[in-house]
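Peer 1: Encoded as structure tokens, here's the structure I'll be asking about.
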Amino acid sequence: MIRRFRGESLHKVDLKGRVSVPAPFRRVLEDGDPEFKTGSNPNFVIVYGGVKTPCLEAYTMKSISTVDQLISKLPRFSREREILERFINTQSIYIQLDENGRIVLPPKLKAFIGLEGEAIFAGMGEKFQIWEPKTYETELQFLQDDFSKLTGKANPFYLIDNIVDK
């Protein structure tokens, strides 16, 4: 069974930018780091470029490798590939959990999402997001409003129900 990032969790952020990663997320990070060994700390990548919403997106080493492989399939000198490489590779950082399951968010990343005393971690399957709590609540309301307007074949659950495995 493949572990996925699920659920949401509110955590305090101290003045140095330290924040605890939810324990269930830590297990997914361990599973997604090919170099992880018991007693070590898993590595992962936080992307802050090209994100459509004002949040940080965190990928396991395996999932960011999949993203990199998809980008590398684009024509080498294409504008699309350049844009994606800039957003995914240039505007991202490697990060590692400490022995207490915390990370330190650099001031630049905290400022990027307006993070101060608390952060929301939101599981998104193959990745998780880190949000400023009020912004997250606003985004959830927008999402709910949009979802309530989707009917019939425009409803995402309809799409899932009609996927044919090939």
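Letters A, B, ... mark the chains of the structure tokens in the order given; residue numbers begin at 1 per chain; ligand numbers begin at 1, in order shown.
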Show me, as a ChimeraX atom specification, the residues that have an atom within 12 Å of segment 80-83 of chain A when counting only C-alpha atoms, minus same-chain residues fewer than 4 positions from it.

Peer 2: /A:49-50,67-76,87-91

Peer 1: Would you list, as a ChimeraX atom specification, the residues of chain A that end up in alpha helix (DSSP H) under DSSP run on this structure's backbone?

Peer 2: /A:23-31,61-72,79-85,107-113,133-149,156-161

Peer 1: Write a file of the just-selected residues containing C-alpha atoms, as a compact mmCIF listing (two decimals), in the first residue's frame.

Peer 2:
# COMPACT_ATOMS: atom_id res chain seq x y z
CA ALA A 23 3.25 12.68 12.54
CA PRO A 24 1.29 10.87 9.78
CA PHE A 25 2.99 13.10 7.19
CA ARG A 26 6.40 12.12 8.59
CA ARG A 27 5.69 8.45 7.76
CA VAL A 28 4.86 9.39 4.17
CA LEU A 29 8.07 11.45 3.94
CA GLU A 30 10.08 8.47 5.21
CA ASP A 31 8.45 6.13 2.67
CA MET A 61 11.83 12.77 -2.97
CA LYS A 62 10.03 10.11 -5.03
CA SER A 63 7.14 12.39 -6.02
CA ILE A 64 9.39 15.33 -7.00
CA SER A 65 11.43 12.89 -9.08
CA THR A 66 8.24 11.95 -10.94
CA VAL A 67 7.52 15.65 -11.55
CA ASP A 68 11.10 16.15 -12.81
CA GLN A 69 10.72 13.21 -15.20
CA LEU A 70 7.52 14.66 -16.63
CA ILE A 71 9.19 18.06 -17.14
CA SER A 72 12.18 16.43 -18.85
CA ARG A 79 9.43 27.95 -23.19
CA GLU A 80 7.06 25.61 -21.32
CA ARG A 81 9.95 23.51 -20.06
CA GLU A 82 11.91 26.60 -19.06
CA ILE A 83 8.95 27.94 -17.08
CA LEU A 84 8.37 24.66 -15.27
CA GLU A 85 12.06 24.16 -14.53
CA PRO A 107 12.08 33.87 6.44
CA LYS A 108 11.62 34.13 2.65
CA LEU A 109 9.12 31.25 2.63
CA LYS A 110 7.29 32.49 5.72
CA ALA A 111 6.94 35.91 4.09
CA PHE A 112 5.83 34.33 0.79
CA ILE A 113 2.67 32.97 2.44
CA PRO A 133 -4.62 29.65 8.49
CA LYS A 134 -6.87 32.59 7.49
CA THR A 135 -5.82 32.28 3.84
CA TYR A 136 -6.53 28.55 3.99
CA GLU A 137 -10.05 29.14 5.33
CA THR A 138 -10.71 31.66 2.55
CA GLU A 139 -9.42 29.19 -0.06
CA LEU A 140 -11.66 26.44 1.34
CA GLN A 141 -14.68 28.73 1.05
CA PHE A 142 -13.82 29.56 -2.58
CA LEU A 143 -13.39 25.86 -3.29
CA GLN A 144 -16.74 25.03 -1.67
CA ASP A 145 -18.46 27.79 -3.64
CA ASP A 146 -16.94 26.55 -6.91
CA PHE A 147 -17.76 22.93 -6.13
CA SER A 148 -21.40 23.71 -5.36
CA LYS A 149 -21.78 25.08 -8.91
CA PRO A 156 -15.12 15.88 -10.31
CA PHE A 157 -16.77 12.86 -8.67
CA TYR A 158 -18.51 12.12 -11.96
CA LEU A 159 -15.09 12.10 -13.65
CA ILE A 160 -13.73 9.63 -11.08
CA ASP A 161 -16.75 7.36 -11.44

Peer 1: Atom CA of Met124 of chain A to atom CA of Asp33 of chain A: how many Å, to one decimal?

Peer 2: 17.6 Å
